[in-house]
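Novice: After the structure tokens below, expect a handful of questions from me.
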Amino acid sequence: SAVAQQSNIQVSPIGSADFDIRRTSTPTYGGPPANAFISASDLAVPGRARKEFDKATELTRRQELQEAIKKLNKAIHLYPQYAVAYNNLAVIYGQLGDGLHEKEALQRAISLKPTFALGYLNLGRMEMKANNYPAAEPLLAKAAELNPGDVNALVLLTYSEFMDNSFDAAI
């Protein structure tokens with residue numbers, strides 16, 4: 001699963017209708033877990049690339065960000081269509097304050113997987129952080145459209161609309 005922007009929370013990269021296999025080893029706490037599904041695109045990731053991605057996730061948790069970048073780049077080298085790896089790379093660049101590489105990685109993730117809601121959400125967050133609410137709104141609207149159950153996307157979209165004086169849309 002992908003690492004959420006500016007945090008160490010794990011979030012499922014579900015953003016399309018291509019999820020089809022339920023994970024049975026994921027514990028549940030009062031309901032289905034957020035990462036209960038594996039997308040068809042996740043199944044296409046080669047094992048070696050997945051291992052590098054998993055190592056990067058652990059390194060990110062330990063705040064060994066430069067090493068995590070190396071592992072994510074290796075995962076991407078092994079599987080260039082790895083949208084979730086690009087997303088996580090963007091998150092790390094965001095933590096390091098490297099907005100240029102953060103934006104490039106998010107745009108690459110979205111170009112590889114146009115149904116990747118988390119990529120749109122993170123790019124929208126990035127625009128909000130820069131107080132660029134007009135640019136954030138369509139990105140957050142796309143994230144909400146792709147994953148209507150994502151409360152974060154809806155809240156951020158509403159906030160962005162409010163800050164852009166689009167009060168009718170915010171309501």
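Order determines the names: the first chain of the structure tokens is A, the second B, and so forth; residues in each chain are numbered 1 upward, and ligands are numbered 1 upward as they are shown.
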Can you pull out the residues contacting Arg108 of chain A? Cut-off 8 Å, using only C-alpha atoms, and skip same-chain residues under 4 positions away; I want them as a ChimeraX atom specification.
Specialist: /A:83,86,104,112
Novice: Could you list, as a PyMOL selection string, every residue within 12 Å of Phe53 of chain A, counting only C-alpha atoms and ignoring same-chain residues fewer than 6 positions away?
Specialist: chain A and resi 1-3+42+45-47+59-60+67-79+82-89
Novice: Select, from A:Arg62, A:Arg48, A:Lys55, A:Arg125, the residue with the minimum atom-to-atom distance to Ala143 of chain A, counting only C-alpha atoms.
Specialist: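 Closest to Ala143 of chain A of all the choices is A:Arg125.
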Novice: Would you please work out which residue, of A:Arg61, A:Ala117, A:Asp168, A:Leu96, is nearest to Gly149 of chain A when using only C-alpha atoms?
Specialist: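 The closest residue to Gly149 of chain A is A:Ala117.
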Novice: Any idea what's packed within 10 Å of Tyr120 of chain A, counting only C-alpha atoms, ignoring anything in its chain fewer than 6 positions away? Could you give it as a PyMOL selection string?
Specialist: chain A and resi 15+87+106-107+109-110+114+126+136+138-144+146+153
Novice: Save out the residues we just selected, N, CA and C atoms, as a compact mmCIF listing (two decimals), in the first residue's frame.
Specialist:
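Result file is part11.txt:
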```txt
# COMPACT_ATOMS: atom_id res chain seq x y z
N GLY A 15 -8.00 3.20 -6.38
CA GLY A 15 -8.49 4.41 -7.01
C GLY A 15 -9.18 4.07 -8.30
N ASN A 87 4.33 7.43 -6.42
CA ASN A 87 3.61 8.16 -5.39
C ASN A 87 4.42 8.23 -4.11
N LEU A 106 4.57 12.66 -8.79
CA LEU A 106 3.11 12.52 -8.77
C LEU A 106 2.51 12.58 -10.16
N GLN A 107 3.03 13.47 -10.99
CA GLN A 107 2.54 13.55 -12.37
C GLN A 107 2.85 12.26 -13.12
N ALA A 109 3.11 9.26 -11.74
CA ALA A 109 2.20 8.24 -11.20
C ALA A 109 0.84 8.32 -11.87
N ILE A 110 0.33 9.53 -12.01
CA ILE A 110 -0.99 9.74 -12.62
C ILE A 110 -0.95 9.41 -14.11
N PRO A 114 -4.07 6.59 -14.80
CA PRO A 114 -5.00 7.73 -14.72
C PRO A 114 -6.15 7.52 -13.72
N MET A 126 -0.52 18.99 -2.49
CA MET A 126 0.67 19.77 -2.78
C MET A 126 0.30 21.18 -3.25
N ALA A 136 -5.69 23.12 -7.18
CA ALA A 136 -5.99 21.96 -6.32
C ALA A 136 -7.38 21.40 -6.58
N PRO A 138 -9.53 20.87 -9.23
CA PRO A 138 -9.81 19.79 -10.18
C PRO A 138 -9.10 18.48 -9.82
N LEU A 139 -7.94 18.59 -9.20
CA LEU A 139 -7.22 17.38 -8.78
C LEU A 139 -7.96 16.66 -7.67
N LEU A 140 -8.43 17.43 -6.70
CA LEU A 140 -9.18 16.84 -5.58
C LEU A 140 -10.55 16.35 -6.04
N ALA A 141 -11.16 17.05 -6.99
CA ALA A 141 -12.43 16.59 -7.54
C ALA A 141 -12.25 15.25 -8.25
N LYS A 142 -11.15 15.11 -8.98
CA LYS A 142 -10.85 13.84 -9.66
C LYS A 142 -10.62 12.73 -8.64
N ALA A 143 -9.89 13.03 -7.56
CA ALA A 143 -9.65 12.03 -6.51
C ALA A 143 -10.98 11.59 -5.89
N ALA A 144 -11.86 12.55 -5.63
CA ALA A 144 -13.17 12.22 -5.05
C ALA A 144 -14.03 11.43 -6.02
N LEU A 146 -12.90 9.39 -8.40
CA LEU A 146 -12.34 8.05 -8.53
C LEU A 146 -12.54 7.19 -7.29
N ALA A 153 -10.48 13.20 0.55
CA ALA A 153 -10.60 13.91 -0.72
C ALA A 153 -11.76 14.90 -0.67
```
Novice: Which neighbours of segment 127-134 of chain A fall inside 7 Å, counting only C-alpha atoms, when residues of the same chain fewer than 2 positions from it are skipped, and could you give them as an mmCIF file with N, CA and C atoms, in the first residue's frame?
Specialist:
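Writing done, so here's part_22.cif:
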```
data_model
loop_
_atom_site.group_PDB
_atom_site.id
_atom_site.type_symbol
_atom_site.label_atom_id
_atom_site.label_comp_id
_atom_site.auth_asym_id
_atom_site.auth_seq_id
_atom_site.Cartn_x
_atom_site.Cartn_y
_atom_site.Cartn_z
ATOM 1 N N LEU A 123 -1.323 15.213 -5.195
ATOM 2 C CA LEU A 123 -1.004 16.376 -6.020
ATOM 3 C C LEU A 123 -1.884 17.566 -5.624
ATOM 4 N N GLY A 124 -3.143 17.299 -5.316
ATOM 5 C CA GLY A 124 -4.032 18.349 -4.826
ATOM 6 C C GLY A 124 -3.560 18.916 -3.496
ATOM 7 N N ARG A 125 -3.117 18.042 -2.601
ATOM 8 C CA ARG A 125 -2.564 18.501 -1.321
ATOM 9 C C ARG A 125 -1.343 19.382 -1.536
ATOM 10 N N ALA A 136 -5.691 23.115 -7.177
ATOM 11 C CA ALA A 136 -5.989 21.961 -6.324
ATOM 12 C C ALA A 136 -7.382 21.405 -6.579
ATOM 13 N N GLU A 137 -8.343 22.271 -6.843
ATOM 14 C CA GLU A 137 -9.734 21.844 -6.956
ATOM 15 C C GLU A 137 -9.983 20.737 -7.981
ATOM 16 N N SER A 160 -10.643 23.524 -0.197
ATOM 17 C CA SER A 160 -10.041 24.216 -1.327
ATOM 18 C C SER A 160 -11.058 25.126 -2.010
ATOM 19 N N MET A 163 -11.615 28.156 0.224
ATOM 20 C CA MET A 163 -10.487 29.090 0.184
ATOM 21 C C MET A 163 -10.404 29.825 -1.150
ATOM 22 N N ASP A 164 -10.986 29.243 -2.189
ATOM 23 C CA ASP A 164 -11.011 29.874 -3.515
ATOM 24 C C ASP A 164 -12.291 30.702 -3.710
#
```
